[in-house]
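K.L.:
This is final-v1.cif, which holds mmCIF, C-alpha atoms and all ligand atoms:
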```
data_query
loop_
_atom_site.label_atom_id
_atom_site.label_comp_id
_atom_site.auth_asym_id
_atom_site.auth_seq_id
_atom_site.Cartn_x
_atom_site.Cartn_y
_atom_site.Cartn_z
CA MET A 1 44.88 264.48 101.03
CA SER A 2 46.98 262.39 98.73
CA ALA A 3 46.15 258.86 97.73
CA GLY A 4 49.83 258.00 97.32
CA PRO A 5 52.43 258.43 94.65
CA SER A 6 50.63 259.65 91.59
CA ASN A 7 52.82 257.60 89.29
CA ALA A 8 53.06 254.46 91.37
CA ALA A 9 50.79 252.26 89.35
CA ALA A 10 51.46 253.50 85.85
CA PRO A 11 54.78 255.30 85.53
CA GLU A 12 54.85 258.03 82.93
CA GLU A 13 57.77 259.58 81.15
CA ASP A 14 60.22 261.03 83.66
CA PRO A 15 59.53 264.75 83.47
CA ALA A 16 62.85 265.43 85.15
CA GLY A 17 64.83 263.81 82.38
CA GLY A 18 68.54 263.86 83.05
CA ASP A 19 68.68 267.32 84.62
CA ALA A 20 69.59 267.35 88.30
CA ALA A 21 67.56 270.40 89.33
CA PRO A 22 64.19 269.16 88.02
CA ARG A 23 64.91 265.72 89.47
CA ARG A 24 65.54 267.25 92.88
CA ALA A 25 62.37 269.30 92.59
CA ALA A 26 60.44 266.18 91.64
CA LEU A 27 61.89 264.34 94.63
CA GLU A 28 60.79 267.14 96.95
CA ALA A 29 57.34 267.07 95.38
CA LEU A 30 57.20 263.31 95.91
CA ALA A 31 58.13 263.80 99.59
CA ARG A 32 55.33 266.36 99.96
CA ASP A 33 52.94 263.91 98.35
CA ALA A 34 54.02 261.17 100.76
CA ARG A 35 53.56 263.38 103.82
CA GLY A 36 49.81 263.39 103.24
CA CYS A 37 49.55 259.75 102.21
CA ARG A 38 46.91 257.68 104.00
CA ARG A 39 46.75 254.68 101.71
CA CYS A 40 47.45 252.37 104.66
CA PRO A 41 44.85 253.52 107.19
CA GLN A 42 46.32 251.70 110.18
CA LEU A 43 49.84 252.96 109.54
CA ALA A 44 48.64 256.49 108.84
CA ALA A 45 46.74 256.51 112.14
CA ALA A 46 49.66 255.17 114.18
CA ARG A 47 52.57 257.14 112.73
CA THR A 48 54.04 260.34 114.09
CA THR A 49 55.12 261.30 110.61
CA VAL A 50 55.92 259.89 107.21
CA VAL A 51 59.63 259.19 106.99
CA PHE A 52 60.44 259.82 103.36
CA GLY A 53 64.22 259.90 103.04
CA ARG A 54 67.28 262.04 103.43
CA GLY A 55 70.70 262.60 101.96
CA ASP A 56 72.22 263.51 98.64
CA PRO A 57 69.49 263.56 95.97
CA ASP A 58 72.15 262.79 93.36
CA ALA A 59 73.70 259.94 95.32
CA GLU A 60 75.21 257.00 93.47
CA LEU A 61 74.54 254.88 96.55
CA LEU A 62 71.00 254.39 97.90
CA LEU A 63 70.57 252.71 101.29
CA VAL A 64 67.17 251.09 101.80
CA GLY A 65 65.97 249.84 105.17
CA ALA A 66 62.72 248.08 105.89
CA ALA A 67 60.53 250.64 107.65
CA PRO A 68 61.03 253.46 110.12
CA GLY A 69 61.55 252.37 113.70
CA ARG A 70 60.39 254.24 116.77
CA ALA A 71 63.28 256.73 116.72
CA GLU A 72 62.96 257.33 112.98
CA ASP A 73 59.23 257.88 113.36
CA ARG A 74 59.81 260.46 116.09
CA GLN A 75 62.59 262.27 114.26
CA GLY A 76 61.13 261.98 110.79
CA LEU A 77 64.44 260.69 109.46
CA PRO A 78 65.45 257.23 108.26
CA LEU A 79 68.39 255.31 109.72
CA VAL A 80 69.24 257.22 112.87
CA GLY A 81 70.97 256.39 116.14
CA GLU A 82 73.61 253.75 116.84
CA PRO A 83 72.88 251.64 113.75
CA ALA A 84 73.40 254.69 111.54
CA ARG A 85 76.63 255.54 113.38
CA LEU A 86 77.93 252.01 112.81
CA LEU A 87 77.00 252.10 109.15
CA ASP A 88 78.57 255.54 108.67
CA GLU A 89 81.77 254.32 110.32
CA LEU A 90 81.95 251.30 108.02
CA LEU A 91 81.24 253.46 104.98
CA ARG A 92 84.02 255.88 105.92
CA ASP A 93 86.40 252.99 106.51
CA ALA A 94 85.58 251.84 102.98
CA GLY A 95 86.33 255.31 101.63
CA ILE A 96 82.71 256.35 101.08
CA ASP A 97 81.42 259.68 102.39
CA PRO A 98 78.14 258.95 104.22
CA GLU A 99 76.93 262.41 103.23
CA ARG A 100 77.03 261.34 99.59
CA THR A 101 74.41 258.64 100.10
CA TYR A 102 70.63 258.79 100.07
CA ARG A 103 68.70 256.83 102.71
CA THR A 104 65.17 255.64 102.70
CA THR A 105 62.95 252.67 103.55
CA VAL A 106 60.64 250.29 101.69
CA LEU A 107 57.69 251.43 103.80
CA ARG A 108 57.64 255.09 104.71
CA CYS A 109 55.51 254.68 107.83
CA ARG A 110 56.30 252.92 111.08
CA LEU A 111 54.74 249.52 111.62
CA PRO A 112 52.85 249.38 114.94
CA ASP A 113 54.59 247.10 117.44
CA ASN A 114 57.15 246.35 114.74
CA ARG A 115 54.76 243.89 113.15
CA ASP A 116 55.33 242.58 109.65
CA PRO A 117 53.72 244.70 106.96
CA LEU A 118 50.61 243.48 105.21
CA PRO A 119 51.08 242.68 101.52
CA GLU A 120 48.77 245.50 100.57
CA GLU A 121 50.80 247.95 102.66
CA VAL A 122 53.95 246.94 100.83
CA ALA A 123 52.14 247.27 97.53
CA HIS A 124 50.76 250.69 98.44
CA CYS A 125 54.21 252.05 99.27
CA ALA A 126 56.13 250.41 96.43
CA GLY A 127 55.60 253.36 94.11
CA TYR A 128 57.43 255.70 96.46
CA LEU A 129 60.57 253.57 96.37
CA ALA A 130 60.33 252.99 92.64
CA ARG A 131 59.96 256.72 92.02
CA THR A 132 62.75 257.55 94.49
CA VAL A 133 65.10 255.26 92.56
CA GLU A 134 64.04 256.83 89.27
CA LEU A 135 64.70 260.34 90.57
CA VAL A 136 67.89 259.81 92.59
CA ARG A 137 69.25 257.44 89.93
CA PRO A 138 71.70 255.49 92.10
CA ARG A 139 74.11 253.00 90.57
CA VAL A 140 74.06 250.80 93.63
CA VAL A 141 71.17 250.06 95.99
CA VAL A 142 71.92 248.50 99.36
CA ALA A 143 69.16 246.48 100.99
CA LEU A 144 69.64 246.74 104.74
CA GLY A 145 68.52 243.63 106.57
CA ALA A 146 66.43 240.58 105.90
CA PHE A 147 63.10 242.26 105.25
CA ALA A 148 64.34 244.87 102.78
CA THR A 149 66.39 242.18 101.06
CA LYS A 150 63.42 239.86 100.61
CA LEU A 151 61.29 242.62 99.20
CA LEU A 152 63.90 243.99 96.84
CA ARG A 153 65.02 240.57 95.66
CA GLY A 154 61.49 239.26 95.41
CA ASP A 155 62.26 235.93 97.04
CA PRO A 156 62.54 234.59 100.57
CA ALA A 157 66.24 233.60 100.48
CA PRO A 158 67.64 234.22 103.95
CA ILE A 159 69.97 237.16 104.43
CA ARG A 160 72.74 234.86 105.66
CA ARG A 161 72.85 233.30 102.17
CA VAL A 162 72.65 236.43 100.03
CA HIS A 163 74.42 239.17 101.98
CA GLY A 164 77.40 240.62 100.16
CA ARG A 165 76.33 239.15 96.79
CA ASP A 166 75.53 241.82 94.26
CA GLU A 167 73.14 241.34 91.39
CA ILE A 168 71.46 243.53 88.83
CA ARG A 169 67.81 244.21 89.55
CA THR A 170 65.21 246.53 88.14
CA ILE A 171 63.40 248.89 90.49
CA GLY A 172 60.83 251.12 88.87
CA ARG A 173 62.33 251.77 85.47
CA ARG A 174 65.95 251.76 86.62
CA ALA A 175 68.43 248.94 86.57
CA VAL A 176 70.69 248.99 89.62
CA ARG A 177 73.28 246.84 91.29
CA LEU A 178 71.61 245.51 94.41
CA LEU A 179 73.75 244.53 97.39
CA PRO A 180 72.05 242.98 100.44
CA LEU A 181 73.70 243.70 103.79
CA TYR A 182 73.01 242.65 107.34
CA ASP A 183 70.91 245.16 109.24
CA PRO A 184 73.32 247.38 111.19
CA ALA A 185 70.79 247.46 114.04
CA ALA A 186 71.02 243.68 114.38
CA ALA A 187 74.78 243.69 113.84
CA LEU A 188 75.24 245.90 116.88
CA TYR A 189 74.62 242.86 119.02
CA ALA A 190 76.72 240.31 117.14
CA GLU A 191 80.45 240.64 116.53
CA ASP A 192 80.34 238.16 113.67
CA ALA A 193 77.67 240.19 111.94
CA VAL A 194 79.72 243.38 112.29
CA ALA A 195 82.67 241.64 110.65
CA ALA A 196 80.46 240.40 107.83
CA LEU A 197 78.92 243.84 107.45
CA ARG A 198 82.37 245.43 107.29
CA ALA A 199 83.49 242.98 104.62
CA ASP A 200 80.34 243.53 102.56
CA VAL A 201 80.51 247.33 102.84
CA ALA A 202 84.14 247.14 101.69
CA ARG A 203 82.83 245.81 98.35
CA LEU A 204 80.88 248.98 97.64
CA PRO A 205 83.67 251.13 96.11
CA ALA A 206 84.34 248.45 93.49
CA LEU A 207 80.64 248.16 92.70
CA LEU A 208 80.29 251.92 92.42
CA ALA A 209 83.21 251.97 89.98
CA LEU A 210 81.48 249.56 87.61
CA PRO A 211 79.57 250.96 84.63
CA ALA A 212 75.94 251.66 85.38
CA PRO A 213 73.80 248.76 84.21
CA PRO A 214 71.71 249.67 81.18
CA ASP A 215 68.11 250.45 81.94
CA PRO A 216 65.61 247.93 80.64
CA VAL A 217 64.00 248.67 77.31
CA PRO A 218 60.35 249.50 77.99
CA ALA A 219 58.37 246.45 77.00
CA VAL A 220 56.03 248.40 74.77
CA THR A 221 58.97 249.90 72.87
CA ALA A 222 60.60 246.50 72.56
CA ALA A 223 57.38 244.99 71.31
CA VAL A 224 56.95 247.70 68.70
CA ALA A 225 60.54 247.23 67.57
CA SER A 226 60.05 243.50 67.21
CA GLY A 227 56.65 243.82 65.61
CA SER A 228 54.96 241.81 68.34
CA SER A 229 52.20 242.78 70.71
CA PRO A 230 53.13 243.20 74.36
CA SER A 231 51.58 240.57 76.56
CA GLY A 232 50.80 241.21 80.18
CA ASP A 233 54.06 239.56 81.17
CA ALA A 234 56.00 241.65 78.70
CA LEU A 235 54.95 244.75 80.55
CA HIS A 236 57.05 243.62 83.49
CA SER A 237 60.49 245.18 83.61
CA ALA A 238 62.97 243.15 81.62
CA ALA A 239 65.93 241.37 83.14
CA VAL A 240 69.10 243.38 82.71
CA PRO A 241 72.23 241.47 81.69
CA GLU A 242 75.71 242.87 82.32
CA ALA A 243 76.94 245.16 79.54
CA ASP A 244 79.42 243.65 77.11
CA GLY A 245 82.97 243.99 78.33
CA ALA A 246 81.99 245.03 81.81
CA PRO A 247 83.71 243.26 84.69
CA PRO A 248 81.60 240.38 85.98
CA SER A 249 79.85 240.83 89.27
CA ALA A 250 78.62 238.20 91.68
CA ALA A 251 75.22 237.58 90.19
CA ALA A 252 75.26 239.48 86.96
CA ALA A 253 76.40 236.48 84.97
CA SER A 254 72.96 234.97 85.45
CA PRO A 255 70.36 237.33 84.06
CA VAL A 256 67.52 237.79 86.48
CA PRO A 257 64.33 236.20 85.21
CA ALA A 258 61.37 238.52 85.35
CA SER A 259 59.65 236.13 87.72
CA ASP A 260 62.44 236.70 90.25
CA GLN A 261 61.94 240.43 90.28
CA LEU A 262 59.95 242.03 92.98
CA PRO A 263 56.45 241.96 91.53
CA LEU A 264 55.73 245.27 93.21
CA PHE A 265 58.23 246.96 90.99
CA GLY A 266 57.59 244.95 87.87
CA GLY A 267 55.51 247.63 86.21
CA SER A 268 52.39 245.60 85.45
S1 LIG A 301 53.31 253.15 104.31
FE1 LIG A 301 53.55 254.30 102.38
S2 LIG A 301 51.64 253.95 101.22
FE2 LIG A 301 51.24 253.39 103.41
S3 LIG A 301 50.39 255.27 104.34
FE3 LIG A 301 52.63 255.28 104.69
S4 LIG A 301 53.48 256.48 102.95
FE4 LIG A 301 51.38 255.85 102.38
#
```
Show how you would write the structure in this file as structure tokens.
Ligand code: SF4

P.N.:
Amino acid sequence: MSAGPSNAAAPEEDPAGGDAAPRRAALEALARDARGCRRCPQLAAARTTVVFGRGDPDAELLLVGAAPGRAEDRQGLPLVGEPARLLDELLRDAGIDPERTYRTTVLRCRLPDNRDPLPEEVAHCAGYLARTVELVRPRVVVALGAFATKLLRGDPAPIRRVHGRDEIRTIGRRAVRLLPLYDPAAALYAEDAVAALRADVARLPALLALPAPPDPVPAVTAAVASGSSPSGDALHSAAVPEADGAPPSAAAASPVPASDQLPLFGGS
């Protein structure tokens, strides 16, 4: 039985490096690890299966929902049914092949009665998302819906205020462009939300065309280079400013303070 992602708490050097085949193998190994995970006893007891992820393991676009729903739990796949069909349609309309995306969720187990997750459950599962981002290496991460957006942004700003606004965030040890979107499942029942979702999805090709944001310098390395000792705070992932000369994006002009990053993925 696994206790969870082996590298969740203290990430080590990426053994996969930049080679696609070892990264894919590491992703499959991570999925096998997750399948036996019982770190959240209530979720492990209630789930049909762990829903790890699916799609292109080399995708430049990672779609992250909140947690598997009933259908996902039964099928063992994230983002299925009508919401997935709507999202795929909007992606195609924007010129993006849905098959070239990778899909996953913040929590990999269904929440009984669709209750909110406990903080410790989110913390337990954070390593799986951080490691998934490190292995898939997307340029752009889409947070689908209010819950995923709050977790990935690390603040409670409502989705109606932040949807469609990209910003550079650090997840695990990767800097990505994060774009919050309305949840396609909720949008199915609101024409206005579908229109907003369509407009936000239409921004994705331009975001994907931007240079990849530079990964943060590991705090320990930075501290050695500067001759200082890393404090506890310094071990959090650094804010990632836009690269010189790169086109400005919605939120990149304001570097993200470390305190605004999702603490779960801060690396401390
Ligand atoms: S939610 Fe994540 S950490 Fe919790 S039991 Fe499921 S896979 Fe493990």

K.L.:
Could you please give me, as a ChimeraX atom specification, the residues of protein, DNA or RNA lying at most 12 Å from (83.0, 252.8, 90.7) in the coordinate frame of the file, considering only C-alpha atoms?

P.N.:
/A:60-61,95-96,138-140,177,203-213,246-247

K.L.:
Hey, which residues sit close to ligand LIG 301 (chain A)? Say within 9 Å, counting all atoms listed in the file, and write them as a compact mmCIF listing (two decimals) with C-alpha atoms, keeping the file's coordinate frame.

P.N.:
```
# COMPACT_ATOMS: atom_id res chain seq x y z
CA SER A 2 46.98 262.39 98.73
CA ALA A 3 46.15 258.86 97.73
CA GLY A 4 49.83 258.00 97.32
CA PRO A 5 52.43 258.43 94.65
CA ASP A 33 52.94 263.91 98.35
CA ALA A 34 54.02 261.17 100.76
CA ARG A 35 53.56 263.38 103.82
CA GLY A 36 49.81 263.39 103.24
CA CYS A 37 49.55 259.75 102.21
CA ARG A 38 46.91 257.68 104.00
CA ARG A 39 46.75 254.68 101.71
CA CYS A 40 47.45 252.37 104.66
CA PRO A 41 44.85 253.52 107.19
CA GLN A 42 46.32 251.70 110.18
CA LEU A 43 49.84 252.96 109.54
CA ALA A 44 48.64 256.49 108.84
CA ALA A 45 46.74 256.51 112.14
CA ARG A 47 52.57 257.14 112.73
CA THR A 49 55.12 261.30 110.61
CA VAL A 50 55.92 259.89 107.21
CA VAL A 51 59.63 259.19 106.99
CA PHE A 52 60.44 259.82 103.36
CA ALA A 67 60.53 250.64 107.65
CA VAL A 106 60.64 250.29 101.69
CA LEU A 107 57.69 251.43 103.80
CA ARG A 108 57.64 255.09 104.71
CA CYS A 109 55.51 254.68 107.83
CA ARG A 110 56.30 252.92 111.08
CA LEU A 111 54.74 249.52 111.62
CA PRO A 117 53.72 244.70 106.96
CA GLU A 120 48.77 245.50 100.57
CA GLU A 121 50.80 247.95 102.66
CA VAL A 122 53.95 246.94 100.83
CA ALA A 123 52.14 247.27 97.53
CA HIS A 124 50.76 250.69 98.44
CA CYS A 125 54.21 252.05 99.27
CA ALA A 126 56.13 250.41 96.43
CA GLY A 127 55.60 253.36 94.11
CA TYR A 128 57.43 255.70 96.46
```

K.L.:
Using all atoms listed in the file, which of the listed residues (A:Ala195, A:Leu151, A:Ala175, A:Leu63) sits closest to A:Asp88?

P.N.:
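Selected residue with least distance to A:Asp88: A:Leu63.
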
K.L.:
Taking the point (60.5, 261.6, 91.5) as given in the file, collect each protein or nucleic acid residue that comes within 6 Å of it, counting all atoms listed in the file, and present the set as number ranges by chain.

P.N.:
A: 26-27, 30, 131-132, 135

K.L.:
Record the distance separating atom CA of A:Asp73 and atom CA of A:Tyr102, expressed in Å with one decimal.

P.N.:
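Here the two named atoms are 17.5 Å from each other.
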
K.L.:
Quick one, how far is atom CA of A:Arg100 from atom CA of A:Gly69?

P.N.:
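Rounded to one decimal, the two atoms are 22.8 Å apart.
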
K.L.:
Do you have the atom CA of A:Asp58-atom CA of A:Arg103 distance handy?

P.N.:
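It comes out at 11.6 Å.
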
K.L.:
Specify the axis-aligned box that encloses all atoms of stretch 170-183 of chain A listed in the file after padding of 6 Å on each side, stating its centre and edge lengths in Å to one decimal as AutoDock Vina command-line options.

P.N.:
```
--center_x 67.3 --center_y 247.2 --center_z 97.4 --size_x 24.9 --size_y 21.1 --size_z 35.8
```

K.L.:
When you count only C-alpha atoms, which of these residues is closest to A:Arg198: A:Glu89, A:Glu82, A:Asp166, A:Glu28?

P.N.:
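Counting only C-alpha atoms, the residue closest to A:Arg198 is A:Glu89.
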
K.L.:
So, counting all atoms listed in the file, which residue among A:His163, A:Ala31, A:Pro98, A:Asp113 is closest to A:Arg70?

P.N.:
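Closest candidate: A:Asp113.
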
K.L.:
Hey, what's within 12 Å of A:Asp183 if we count all atoms listed in the file and toss same-chain stuff fewer than 5 positions away? As a count of residues only, please?

P.N.:
32
